[in-house]
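Participant: Quick one: structure below, then a few questions.
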Amino acid sequence: MTVKVIASSCKECSVRCGSLIYVEDGKVVRITGNPDHPGSRGAFCVKGVHAPVTAREHPDRPLHPMRRTGERGEGRWERISWDEAFDSIAERIGRVKAEHGSTSVAGAVSNHFVSRGVAMTQLLRSIGSPNYMINQDLCQGCRYTAAMLTGVGAQPGNELPKSRCVLIIGKSPSDSSVVQWMNLKEAKKAGAELIVVDPRKTQVARLAQQWLRLKPGTDAALALSMINVIFEENLHDHEFVANWCTGVDRLRERAREYPPALASTITGVPAQAIIDAARTFATTRPASLVLGHGIDAQANGVKTTIAFHALLAITGNIDREGTNRMPKAQSGFRDYYSVINDAAFRLPAEVEQKIIGGEAYPLWSGPNSWSKSSHNPSLIDAVITGEPYPIRALYVSGVNILCTYPDTDRTTAALKKLDLLVVASDHITPTAELADFVLPKTTLLEEEDVSADQTGPCLAAVQQALPPKGEAKSDMDIAAGLIRALRARGLLDFDLFPWTNHRDFIDYQLQETGIPFEALCEKGFIPIPLTYEDYRSKGFRTPSKKIELCPDRLEKLGHDPLPQYVPPVYASPPEGYDLVLLTGIRSMAYHHSRFRNHTWARKLQDAPELRINPKTAERHGIARGDWVWIATPNIARRALLKAWVSEEMPDGVVATGMGWWYPEIEGADHGALTFNIDAAIRYGPPWDPISGSPEARNTACRIVRADPSEVPRFAAAAH
Ligand SMILES: Nc1nc2c(c(=O)[nH]1)N[C@H]1C(S)=C(S)[C@@H](COP(=O)(O)OP(=O)(O)OC[C@H]3O[C@@H](n4cnc5c(=O)[nH]c(N)nc54)[C@H](O)[C@@H]3O)O[C@H]1N2
Ligand SMILES: Nc1nc2c(c(=O)[nH]1)N[C@H]1C(S)=C(S)[C@@H](COP(=O)(O)OP(=O)(O)OC[C@H]3O[C@@H](n4cnc5c(=O)[nH]c(N)nc54)[C@H](O)[C@@H]3O)O[C@H]1N2
Ligand code: SF4
Ligand SMILES: [Mo]
């Protein structure tokens, strides 16, 4: 039997490694990394090897559209045809529009950078609504907003192995990115100095020569102090600063407010270690900076990021070999941002003015914002309260909001209040359980897609390896079907969705590149020309065309435009909350809430963990393997986690992942209300005043050992 090898890309997580899919006799027999792929260079992980086949073949996978017949969450469904699904959904959207207006229909999507993001935005915009949620307020939102303001949208990508010094802030690549982990090990081997800033002793902290164990949420003070040392010791890049940065004098003055001794008190890092890190970073060039999730989704996230952008800028480590590269564009390629920002695909200004959250966070949600999406918690509030106006219908595609947004009780209450909830998914998640309609989604092996990978940089293809199972459709095809049904009923206020199917959209994306999809599929990628120092001809993407260290746009909106340290909320906890909790530590086996129904993943980790220092554990009477209740301020719900006693945690700080549920547990939430930390943390306030991000990463908490009688029997045995 001949084996066909298909060069594709894995998109089981946001890293998107190049893959080789081996197909024999109509079956996928093996999936590996693609050593020729310029971004991932052969790196691959356990999810990429197992998840695509398991997800496709899973016996519980929905294979036909389904309509709810019982109460919400009762799990009673009837099978319907696609035509009936599209038509009934269109009819019900029509009713909601007639009663509450077009803006009362909303959407939710995540990993929106690929085609499913465009499917969502253009479906909603065509209906006449500017309201859709992306998950970036919980993800990279602070970093993206800061990048829009400063102009430093630079990532090291595969410049890392060429860097002589790498500063890694709040990122644990051994858990979250096999490609970056490979690159950092290569950099170290080639003699680079690694400096890691993380409260946890991560694997990369063990690899690094300098590890700064700072107190959570204090990074801005550290960065400003390093900037202070660099200016005071005259170690900055004079040419770059003079020609390519604005706001330098004001930044220098602000940084003077953070001498190492003070920063040491704030961060808990010895003053000499701050000075050493600053000197190393400024004098060991080329250097690069990795900014991770640890500084995002925090109430001071944007300002913290701006401080690190400033550190990169004053040392001139931008868009040069071995530094952080500005994004490289394939001429003519249309990605998510070029579509959503294209006037031809946008709503009239008076409609975009209504985006929920736009008034409070104009740089996040308004017509001139980075995301142009709604502010998620404000949208959830609107469903519950009807303020500032009603939200009555929600189309959810590619996000499991009941497991991945904080405050599950509130999200549940909102979903139950809707007149219409439609969920497109490849498995029945707790979110899908509450739907009126579940639409069966294709899985990775059944889809095609194109995206620009900045690590390479290259254009990369996802190729279809097998035909879809059952009646599953891709997000684009589902949205195109809904558009047809809405159009037939005269329910489109604007017709901003010109694609008739997914391939049509891919052709549109590639049309002006002159690269046909088939050509991209030959190797699975086509490199994007790599150039350095593009700013010398094009400038940076800010109004001044320079890097703005004190962004004008912030000042105009009445914010203090300079980076500054703001104490984290956990620093003044209500009585009894004696510990700090870090959430969202990644596990190689899982992608957020996904794969909890995959046996191979459950063999690797079977219970939500509470990482805890031995001393903290002892003080609380907790031993390895005990189940522990954890509670955070201002929310009644607690979560049940399993103690994982480890020196990786500092005393007084505990950590966990996110997104736990057990598909086999009866009930609509499948245990998410008990085992998922997101059920036990609030969806803000406080918010980052610029991006509206909640403080979902670091919070005060208290723990107590659970009585064994409180632990469900099956969970007691979990590892
Ligand atoms: N296996 C796997 N990989 C994934 C994902 C997944 O679910 N599973 N998710 C993907 C997605 S969508 C994302 S957004 C990324 C996220 O992941 P990354 O951006 O790669 O960040 P993490 O690896 O989560 O690491 C965050 C680190 O920040 C530290 N930290 C916590 N608080 C602070 C703080 O206040 N300051 C500092 N300096 N550090 C702090 C934590 O201890 C942790 O080590 O991972 C992606 N990769
Ligand atoms: N407390 C806390 N909460 C967090 C975080 C944290 O660190 N701490 N991290 C946040 C971050 S960074 C992120 S990115 C979010 C992630 O939040 P989500 O995006 O909700 O996370 P996933 O569990 O990956 O859910 C994706 C869902 O989409 C489905 N799906 C996958 N691929 C496709 C597709 O191509 N099309 C469609 N229609 N469906 C698909 C999957 O089956 C799954 O149900 O969680 C956030 N929540
Ligand atoms: S890291 Fe793993 S899951 Fe993510 S894209 Fe690469 S192989 Fe796929
Ligand atoms: Mo994310």
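So you can find residues: chains in the structure tokens are A, B, ... in the order shown, residues in each start at 1, and ligands are numbered from 1 in order.
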Got a sec to check which residues lie within 6 Å of ligand 1, using only C-alpha atoms and all ligand atoms, and send them as a ChimeraX atom specification?

Facilitator: /A:13-14,139,169-173,175-177,197-200,202,216-217,219,292-295,582,584-592

Participant: Store the residues picked out above, limited to N, CA, C and O atoms, as a compact mmCIF listing (two decimals), in the first residue's frame.

Facilitator:
```
# COMPACT_ATOMS: atom_id res chain seq x y z
N CYS A 13 -2.57 24.06 18.56
CA CYS A 13 -2.35 25.18 19.47
C CYS A 13 -1.82 26.35 18.66
O CYS A 13 -1.59 26.22 17.46
N SER A 14 -1.60 27.48 19.31
CA SER A 14 -1.27 28.69 18.57
C SER A 14 0.16 28.70 18.02
O SER A 14 0.54 29.61 17.28
N CYS A 139 -5.73 36.99 27.05
CA CYS A 139 -4.58 36.37 26.37
C CYS A 139 -3.49 37.40 26.12
O CYS A 139 -2.80 37.80 27.04
N ILE A 169 10.47 37.04 29.85
CA ILE A 169 9.60 37.58 30.90
C ILE A 169 8.29 36.82 30.92
O ILE A 169 7.53 36.83 29.95
N GLY A 170 7.96 36.18 32.03
CA GLY A 170 6.64 35.56 32.19
C GLY A 170 6.30 34.59 31.08
O GLY A 170 5.20 34.62 30.54
N LYS A 171 7.23 33.74 30.76
CA LYS A 171 6.97 32.76 29.70
C LYS A 171 7.68 31.47 30.04
O LYS A 171 8.85 31.47 30.43
N SER A 172 6.95 30.37 29.84
CA SER A 172 7.51 29.06 30.15
C SER A 172 7.42 28.18 28.90
O SER A 172 6.53 27.35 28.77
N PRO A 173 8.35 28.39 27.97
CA PRO A 173 8.22 27.73 26.66
C PRO A 173 8.26 26.21 26.74
O PRO A 173 7.71 25.55 25.86
N ASP A 175 6.53 24.51 28.53
CA ASP A 175 5.12 24.13 28.66
C ASP A 175 4.29 24.60 27.48
O ASP A 175 3.30 23.98 27.14
N SER A 176 4.68 25.72 26.87
CA SER A 176 3.73 26.36 25.95
C SER A 176 4.19 26.47 24.51
O SER A 176 3.38 26.78 23.65
N SER A 177 5.46 26.25 24.23
CA SER A 177 5.88 26.35 22.82
C SER A 177 7.13 25.52 22.57
O SER A 177 8.24 25.92 22.93
N VAL A 197 12.75 36.05 33.99
CA VAL A 197 12.02 36.76 35.04
C VAL A 197 10.71 36.03 35.27
O VAL A 197 9.81 36.05 34.42
N ASP A 198 10.61 35.32 36.36
CA ASP A 198 9.42 34.51 36.62
C ASP A 198 9.39 34.15 38.10
O ASP A 198 10.42 33.78 38.66
N PRO A 199 8.24 34.25 38.74
CA PRO A 199 8.17 33.85 40.16
C PRO A 199 8.39 32.34 40.32
O PRO A 199 8.80 31.88 41.38
N ARG A 200 8.10 31.59 39.27
CA ARG A 200 8.23 30.12 39.34
C ARG A 200 9.59 29.69 38.82
O ARG A 200 10.11 30.28 37.88
N THR A 202 10.83 27.74 36.55
CA THR A 202 10.42 27.01 35.35
C THR A 202 11.64 26.29 34.77
O THR A 202 12.78 26.51 35.22
N PRO A 216 4.89 38.29 41.84
CA PRO A 216 3.96 38.41 40.71
C PRO A 216 3.44 39.84 40.56
O PRO A 216 3.22 40.54 41.56
N GLY A 217 3.29 40.27 39.32
CA GLY A 217 2.66 41.57 39.06
C GLY A 217 3.54 42.77 39.31
O GLY A 217 3.05 43.90 39.34
N ASP A 219 6.47 43.40 37.48
CA ASP A 219 7.42 43.51 36.36
C ASP A 219 7.69 44.94 35.91
O ASP A 219 8.78 45.25 35.44
N GLY A 292 5.89 36.98 27.65
CA GLY A 292 4.88 35.93 27.72
C GLY A 292 3.62 36.36 28.43
O GLY A 292 3.41 37.52 28.79
N HIS A 293 2.82 35.35 28.64
CA HIS A 293 1.51 35.48 29.22
C HIS A 293 1.54 36.00 30.66
O HIS A 293 0.57 36.52 31.16
N GLY A 294 2.71 35.81 31.31
CA GLY A 294 2.82 36.18 32.72
C GLY A 294 2.61 37.66 32.99
O GLY A 294 2.29 38.05 34.12
N ILE A 295 2.78 38.52 31.99
CA ILE A 295 2.56 39.95 32.24
C ILE A 295 1.25 40.43 31.63
O ILE A 295 0.92 41.60 31.69
N LEU A 582 -1.37 32.07 40.93
CA LEU A 582 -1.12 32.29 39.49
C LEU A 582 -1.97 31.28 38.73
O LEU A 582 -1.95 30.10 39.05
N GLY A 584 -3.37 29.61 34.86
CA GLY A 584 -3.07 29.48 33.43
C GLY A 584 -1.71 28.88 33.12
O GLY A 584 -1.21 29.04 32.01
N ILE A 585 -1.10 28.17 34.09
CA ILE A 585 0.16 27.48 33.77
C ILE A 585 -0.18 26.39 32.74
O ILE A 585 -1.09 25.59 32.94
N ARG A 586 0.51 26.39 31.62
CA ARG A 586 0.19 25.46 30.53
C ARG A 586 0.68 24.05 30.82
O ARG A 586 1.68 23.88 31.53
N SER A 587 -0.04 23.10 30.25
CA SER A 587 0.37 21.71 30.34
C SER A 587 0.54 21.21 28.91
O SER A 587 -0.31 21.45 28.07
N MET A 588 1.65 20.51 28.63
CA MET A 588 1.91 20.05 27.27
C MET A 588 0.78 19.18 26.73
O MET A 588 0.55 19.11 25.53
N ALA A 589 0.05 18.51 27.63
CA ALA A 589 -0.97 17.57 27.16
C ALA A 589 -2.26 18.27 26.71
O ALA A 589 -3.06 17.67 26.00
N TYR A 590 -2.46 19.49 27.13
CA TYR A 590 -3.76 20.12 26.89
C TYR A 590 -3.64 21.44 26.17
O TYR A 590 -2.60 22.11 26.21
N HIS A 591 -4.71 21.82 25.50
CA HIS A 591 -4.81 23.17 24.98
C HIS A 591 -6.02 23.78 25.68
O HIS A 591 -7.16 23.51 25.31
N HIS A 592 -5.76 24.57 26.72
CA HIS A 592 -6.82 25.14 27.55
C HIS A 592 -7.80 24.03 27.95
O HIS A 592 -7.41 23.07 28.55
```

Participant: Within 6 Å of ligand 2, counting only C-alpha atoms and all ligand atoms: which residues, as a list in words?

Facilitator: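 Final answer, ordered by chain and number: Ser110, Asn135, Leu138, Cys139, Ser397, Gly398, Val399, Asn400, Ile401, Thr404, Tyr405, Pro406, Ala424, Ser425, Asp426, His427, Thr429, Lys441, Asp475, Thr583, Gly584, His591, His592, Ser593, Arg594, Met658, Asp678, Ala696 and Arg697 of chain A.
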
Participant: Could the residues in this selection be saved with N, CA and C atoms as a PDB file, in the first residue's frame?

Facilitator:
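The file below, result-v2.pdb, is the result:
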```pdb
ATOM      1  N   SER A 110     -12.394  32.287  19.353  1.00  0.00           N
ATOM      2  CA  SER A 110     -11.032  32.497  19.837  1.00  0.00           C
ATOM      3  C   SER A 110     -10.065  32.003  18.785  1.00  0.00           C
ATOM      4  N   ASN A 135     -10.926  36.176  22.682  1.00  0.00           N
ATOM      5  CA  ASN A 135     -10.490  35.922  24.054  1.00  0.00           C
ATOM      6  C   ASN A 135      -9.230  36.700  24.415  1.00  0.00           C
ATOM      7  N   LEU A 138      -8.050  38.043  27.781  1.00  0.00           N
ATOM      8  CA  LEU A 138      -7.476  37.069  28.716  1.00  0.00           C
ATOM      9  C   LEU A 138      -6.139  36.546  28.206  1.00  0.00           C
ATOM     10  N   CYS A 139      -5.728  36.992  27.054  1.00  0.00           N
ATOM     11  CA  CYS A 139      -4.584  36.367  26.373  1.00  0.00           C
ATOM     12  C   CYS A 139      -3.490  37.404  26.125  1.00  0.00           C
ATOM     13  N   SER A 397     -18.298  30.099  18.160  1.00  0.00           N
ATOM     14  CA  SER A 397     -17.583  29.173  17.279  1.00  0.00           C
ATOM     15  C   SER A 397     -16.121  29.139  17.675  1.00  0.00           C
ATOM     16  N   GLY A 398     -15.636  27.978  18.095  1.00  0.00           N
ATOM     17  CA  GLY A 398     -14.215  27.853  18.382  1.00  0.00           C
ATOM     18  C   GLY A 398     -13.796  28.455  19.697  1.00  0.00           C
ATOM     19  N   VAL A 399     -14.676  28.446  20.672  1.00  0.00           N
ATOM     20  CA  VAL A 399     -14.289  28.917  22.005  1.00  0.00           C
ATOM     21  C   VAL A 399     -15.228  28.227  22.989  1.00  0.00           C
ATOM     22  N   ASN A 400     -14.671  27.895  24.153  1.00  0.00           N
ATOM     23  CA  ASN A 400     -15.453  27.171  25.158  1.00  0.00           C
ATOM     24  C   ASN A 400     -15.624  28.089  26.352  1.00  0.00           C
ATOM     25  N   ILE A 401     -16.476  29.095  26.191  1.00  0.00           N
ATOM     26  CA  ILE A 401     -16.486  30.207  27.154  1.00  0.00           C
ATOM     27  C   ILE A 401     -16.917  29.787  28.560  1.00  0.00           C
ATOM     28  N   THR A 404     -13.383  28.710  29.874  1.00  0.00           N
ATOM     29  CA  THR A 404     -12.159  29.511  29.728  1.00  0.00           C
ATOM     30  C   THR A 404     -12.343  30.988  30.085  1.00  0.00           C
ATOM     31  N   TYR A 405     -13.575  31.444  30.253  1.00  0.00           N
ATOM     32  CA  TYR A 405     -13.779  32.794  30.791  1.00  0.00           C
ATOM     33  C   TYR A 405     -13.924  32.656  32.306  1.00  0.00           C
ATOM     34  N   PRO A 406     -13.374  33.600  33.067  1.00  0.00           N
ATOM     35  CA  PRO A 406     -13.590  33.546  34.508  1.00  0.00           C
ATOM     36  C   PRO A 406     -15.073  33.707  34.871  1.00  0.00           C
ATOM     37  N   ALA A 424     -20.900  26.112  17.450  1.00  0.00           N
ATOM     38  CA  ALA A 424     -20.246  25.234  16.473  1.00  0.00           C
ATOM     39  C   ALA A 424     -19.023  24.643  17.143  1.00  0.00           C
ATOM     40  N   SER A 425     -18.939  23.303  17.189  1.00  0.00           N
ATOM     41  CA  SER A 425     -17.801  22.680  17.863  1.00  0.00           C
ATOM     42  C   SER A 425     -17.615  21.249  17.367  1.00  0.00           C
ATOM     43  N   ASP A 426     -16.398  20.735  17.602  1.00  0.00           N
ATOM     44  CA  ASP A 426     -16.160  19.349  17.199  1.00  0.00           C
ATOM     45  C   ASP A 426     -16.376  18.383  18.363  1.00  0.00           C
ATOM     46  N   HIS A 427     -16.710  18.896  19.526  1.00  0.00           N
ATOM     47  CA  HIS A 427     -17.130  18.005  20.603  1.00  0.00           C
ATOM     48  C   HIS A 427     -18.096  18.762  21.512  1.00  0.00           C
ATOM     49  N   THR A 429     -18.964  20.459  24.437  1.00  0.00           N
ATOM     50  CA  THR A 429     -18.330  21.122  25.573  1.00  0.00           C
ATOM     51  C   THR A 429     -19.427  21.582  26.546  1.00  0.00           C
ATOM     52  N   LYS A 441     -18.514  20.651  13.661  1.00  0.00           N
ATOM     53  CA  LYS A 441     -17.340  21.273  13.065  1.00  0.00           C
ATOM     54  C   LYS A 441     -16.378  20.209  12.554  1.00  0.00           C
ATOM     55  N   ASP A 475     -15.658  26.245   9.758  1.00  0.00           N
ATOM     56  CA  ASP A 475     -16.277  27.495  10.245  1.00  0.00           C
ATOM     57  C   ASP A 475     -16.708  28.396   9.101  1.00  0.00           C
ATOM     58  N   THR A 583      -2.702  31.734  37.727  1.00  0.00           N
ATOM     59  CA  THR A 583      -3.510  30.786  36.949  1.00  0.00           C
ATOM     60  C   THR A 583      -2.961  30.670  35.527  1.00  0.00           C
ATOM     61  N   GLY A 584      -3.369  29.614  34.859  1.00  0.00           N
ATOM     62  CA  GLY A 584      -3.072  29.476  33.425  1.00  0.00           C
ATOM     63  C   GLY A 584      -1.712  28.877  33.117  1.00  0.00           C
ATOM     64  N   HIS A 591      -4.710  21.819  25.505  1.00  0.00           N
ATOM     65  CA  HIS A 591      -4.813  23.170  24.980  1.00  0.00           C
ATOM     66  C   HIS A 591      -6.017  23.782  25.680  1.00  0.00           C
ATOM     67  N   HIS A 592      -5.758  24.567  26.715  1.00  0.00           N
ATOM     68  CA  HIS A 592      -6.823  25.135  27.546  1.00  0.00           C
ATOM     69  C   HIS A 592      -7.800  24.033  27.946  1.00  0.00           C
ATOM     70  N   SER A 593      -9.061  24.168  27.529  1.00  0.00           N
ATOM     71  CA  SER A 593     -10.075  23.185  27.960  1.00  0.00           C
ATOM     72  C   SER A 593     -10.147  21.980  27.023  1.00  0.00           C
ATOM     73  N   ARG A 594      -9.309  21.954  26.001  1.00  0.00           N
ATOM     74  CA  ARG A 594      -9.439  20.877  25.005  1.00  0.00           C
ATOM     75  C   ARG A 594      -8.689  19.613  25.417  1.00  0.00           C
ATOM     76  N   MET A 658      -5.808  25.901  33.966  1.00  0.00           N
ATOM     77  CA  MET A 658      -7.140  26.485  33.730  1.00  0.00           C
ATOM     78  C   MET A 658      -7.911  25.523  32.841  1.00  0.00           C
ATOM     79  N   ASP A 678     -11.335  28.725  36.716  1.00  0.00           N
ATOM     80  CA  ASP A 678     -12.090  29.859  36.163  1.00  0.00           C
ATOM     81  C   ASP A 678     -13.473  30.001  36.804  1.00  0.00           C
ATOM     82  N   ALA A 696      -6.852  38.399  35.716  1.00  0.00           N
ATOM     83  CA  ALA A 696      -7.182  36.967  35.754  1.00  0.00           C
ATOM     84  C   ALA A 696      -5.970  36.095  36.021  1.00  0.00           C
ATOM     85  N   ARG A 697      -4.785  36.676  35.943  1.00  0.00           N
ATOM     86  CA  ARG A 697      -3.570  35.884  36.057  1.00  0.00           C
ATOM     87  C   ARG A 697      -3.132  35.719  37.500  1.00  0.00           C
TER      88      ARG A 697
END
```

Participant: Counting only C-alpha atoms and all ligand atoms, which of A:His236, A:Ala106, A:Leu63, A:Phe113 gets nearest to ligand 4?

Facilitator: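 Ranking A:His236, A:Ala106, A:Leu63, A:Phe113 by distance to ligand 4, first place goes to A:Phe113.
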
Participant: Work out how far CA of Ile93 in chain A is from CA of Arg68 in chain A, in Å to one decimal.

Facilitator: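 Between CA of Arg68 in chain A and CA of Ile93 in chain A the gap is 16.2 Å.
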
Participant: Using only C-alpha atoms and all ligand atoms, what are the residues with an atom within 8 Å of ligand 3, set out as a list in words?

Facilitator: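 So, counting only C-alpha atoms and all ligand atoms, the residues near ligand 3 are Ser9, Cys10, Lys11, Glu12, Cys13, Ser14, Val15, Arg16, Cys17, Gly18, Ser19, Gly33, Ser40, Ala43, Phe44, Cys45, Val46, Lys47, Gly48, Val49, Ala51, Ser176, Ser177, Val178, Val179, Met588 and His591 of chain A.
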
Participant: Of the candidates A:Pro38, A:Gly524, A:Gly684, A:Gly141, which one gets nearest to ligand 4 if we count only C-alpha atoms and all ligand atoms?

Facilitator: A:Gly141

Participant: Using only C-alpha atoms and all ligand atoms, find the one residue out of A:Ala297, A:Ala85, A:Val248, A:Leu289 that sits nearest to ligand 4.

Facilitator: A:Ala297

Participant: Got a sec to tell me which of range 133-263 of chain A DSSP assigns to helix (DSSP H, G or I), as an NGL selection string?

Facilitator: :A and (135-138 or 141-150 or 157-162 or 173-176 or 178-189 or 203-207 or 219-232 or 238-244 or 248-256 or 260-263)

Participant: As a list of chain:residue names, please: the residues near Val241 in chain A (cut-off 9 Å, only C-alpha atoms, same-chain neighbours under 4 positions excluded).

Facilitator: A:His236, A:Asp237, A:Cys245, A:Thr246, A:Val248, A:Ala313, A:Ile314, A:Thr315, A:Gly316

Participant: Convert the current residue selection to file output with N, CA, C and O atoms, as a compact mmCIF listing (two decimals), in the first residue's frame.

Facilitator:
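Result saved to result.txt:
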```txt
# COMPACT_ATOMS: atom_id res chain seq x y z
N HIS A 236 22.83 52.99 26.59
CA HIS A 236 21.78 52.88 25.56
C HIS A 236 22.37 53.06 24.16
O HIS A 236 23.49 53.52 23.98
N ASP A 237 21.55 52.70 23.17
CA ASP A 237 21.97 52.79 21.76
C ASP A 237 21.69 54.23 21.29
O ASP A 237 20.56 54.57 20.95
N CYS A 245 13.23 57.11 18.31
CA CYS A 245 12.35 57.07 19.47
C CYS A 245 11.85 58.46 19.82
O CYS A 245 12.61 59.43 19.72
N THR A 246 10.60 58.56 20.27
CA THR A 246 10.10 59.81 20.83
C THR A 246 9.81 59.58 22.32
O THR A 246 9.64 58.43 22.75
N VAL A 248 11.79 60.18 24.84
CA VAL A 248 12.93 59.61 25.56
C VAL A 248 13.22 60.35 26.87
O VAL A 248 13.41 59.72 27.92
N ALA A 313 13.71 49.14 22.92
CA ALA A 313 13.99 50.27 22.02
C ALA A 313 15.27 51.00 22.42
O ALA A 313 16.10 51.31 21.56
N ILE A 314 15.46 51.27 23.69
CA ILE A 314 16.64 52.07 24.06
C ILE A 314 17.94 51.28 23.87
O ILE A 314 19.02 51.85 23.79
N THR A 315 17.82 49.95 23.77
CA THR A 315 19.02 49.16 23.49
C THR A 315 19.13 48.86 21.98
O THR A 315 20.04 48.14 21.56
N GLY A 316 18.18 49.37 21.20
CA GLY A 316 18.27 49.24 19.73
C GLY A 316 18.08 47.82 19.23
O GLY A 316 18.44 47.51 18.09
```

Participant: How many Å separate CA of Thr323 in chain A from CA of Ser288 in chain A?

Facilitator: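 So the answer is 4.5 Å.
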
Participant: Residues of range 431-453 of chain A within 12 Å of range 526-541 of chain A: nearest atom pair and distance (Å, one decimal) for each, counting only C-alpha atoms, sorted by chain and number, as a tab-separated table?

Facilitator:
```
residue	atom	partner	partner_atom	distance
A:Val450	CA	A:Ile526	CA	10.9
A:Ser451	CA	A:Ile526	CA	10.8
A:Ala452	CA	A:Ile528	CA	8.5
A:Asp453	CA	A:Ile528	CA	8.9
```

Participant: Between CA of Asn317 in chain A and CA of Asn243 in chain A, what distance in Å does the model show, to one decimal?

Facilitator: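 That distance, rounded to one decimal, is 14.0 Å.
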
Participant: With only C-alpha atoms as the counted atoms, please give the residues lying no more than 8 Å from Cys701 in chain A, apart from itself and same-chain residues fewer than 3 positions off, as a PyMOL selection string.

Facilitator: chain A and resi 577-581+630-633

Participant: Within 9 Å of Thr443 in chain A, counting only C-alpha atoms, which residues qualify if same-chain residues fewer than 6 places away don't, as an MDAnalysis selection string?

Facilitator: chainID A and resid 52:53 55:56 426 468:469 472:474

Participant: Would you save the residues from that selection as a PDB file, in the first residue's frame, using N, CA, C and O atoms?

Facilitator:
```pdb
ATOM      1  N   PRO A  52      -5.040  15.215  16.491  1.00  0.00           N
ATOM      2  CA  PRO A  52      -5.829  15.272  15.249  1.00  0.00           C
ATOM      3  C   PRO A  52      -6.617  13.989  14.975  1.00  0.00           C
ATOM      4  O   PRO A  52      -7.796  14.047  14.618  1.00  0.00           O
ATOM      5  N   VAL A  53      -5.986  12.840  15.189  1.00  0.00           N
ATOM      6  CA  VAL A  53      -6.683  11.579  14.917  1.00  0.00           C
ATOM      7  C   VAL A  53      -7.734  11.319  15.996  1.00  0.00           C
ATOM      8  O   VAL A  53      -8.874  10.948  15.708  1.00  0.00           O
ATOM      9  N   ALA A  55      -9.350  13.447  17.837  1.00  0.00           N
ATOM     10  CA  ALA A  55     -10.490  14.368  17.693  1.00  0.00           C
ATOM     11  C   ALA A  55     -11.379  13.913  16.532  1.00  0.00           C
ATOM     12  O   ALA A  55     -12.613  13.931  16.627  1.00  0.00           O
ATOM     13  N   ARG A  56     -10.758  13.478  15.440  1.00  0.00           N
ATOM     14  CA  ARG A  56     -11.549  13.045  14.279  1.00  0.00           C
ATOM     15  C   ARG A  56     -12.356  11.788  14.581  1.00  0.00           C
ATOM     16  O   ARG A  56     -13.519  11.687  14.228  1.00  0.00           O
ATOM     17  N   ASP A 426     -16.398  20.735  17.602  1.00  0.00           N
ATOM     18  CA  ASP A 426     -16.160  19.349  17.199  1.00  0.00           C
ATOM     19  C   ASP A 426     -16.376  18.383  18.363  1.00  0.00           C
ATOM     20  O   ASP A 426     -16.173  17.189  18.225  1.00  0.00           O
ATOM     21  N   PRO A 468     -14.261  15.212   5.470  1.00  0.00           N
ATOM     22  CA  PRO A 468     -14.936  15.379   6.761  1.00  0.00           C
ATOM     23  C   PRO A 468     -15.764  14.157   7.118  1.00  0.00           C
ATOM     24  O   PRO A 468     -16.300  13.485   6.238  1.00  0.00           O
ATOM     25  N   LYS A 469     -15.843  13.878   8.407  1.00  0.00           N
ATOM     26  CA  LYS A 469     -16.714  12.777   8.864  1.00  0.00           C
ATOM     27  C   LYS A 469     -18.134  13.298   8.990  1.00  0.00           C
ATOM     28  O   LYS A 469     -18.354  14.468   9.327  1.00  0.00           O
ATOM     29  N   ALA A 472     -19.910  17.144   9.066  1.00  0.00           N
ATOM     30  CA  ALA A 472     -19.160  18.268   9.642  1.00  0.00           C
ATOM     31  C   ALA A 472     -18.747  19.268   8.568  1.00  0.00           C
ATOM     32  O   ALA A 472     -18.435  18.900   7.439  1.00  0.00           O
ATOM     33  N   LYS A 473     -18.757  20.538   8.932  1.00  0.00           N
ATOM     34  CA  LYS A 473     -18.342  21.611   8.022  1.00  0.00           C
ATOM     35  C   LYS A 473     -17.321  22.504   8.717  1.00  0.00           C
ATOM     36  O   LYS A 473     -17.294  22.580   9.950  1.00  0.00           O
ATOM     37  N   SER A 474     -16.537  23.222   7.916  1.00  0.00           N
ATOM     38  CA  SER A 474     -15.576  24.177   8.491  1.00  0.00           C
ATOM     39  C   SER A 474     -16.319  25.439   8.937  1.00  0.00           C
ATOM     40  O   SER A 474     -17.446  25.691   8.508  1.00  0.00           O
TER      41      SER A 474
END
```

Participant: For the structure I just gave you, how does DSSP split range 225-305 of chain A - specifically, which residues are strand (DSSP E)? Reply as a ChimeraX atom specification.

Facilitator: /A:245-246,287-291

Participant: For those residues, write C-alpha atoms to a file as a short mmCIF file (atom, residue, chain, number, x, y, z; two decimals), in the first residue's frame.

Facilitator:
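Heads up, here's the output in again_24.cif:
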```cif
data_model
loop_
_atom_site.label_atom_id
_atom_site.label_comp_id
_atom_site.auth_asym_id
_atom_site.auth_seq_id
_atom_site.Cartn_x
_atom_site.Cartn_y
_atom_site.Cartn_z
CA CYS A 245 12.35 57.07 19.47
CA THR A 246 10.10 59.81 20.83
CA ALA A 287 19.75 40.72 22.29
CA SER A 288 16.12 39.78 22.16
CA LEU A 289 13.12 39.85 24.42
CA VAL A 290 10.41 37.21 24.90
CA LEU A 291 7.27 38.61 26.50
#
```
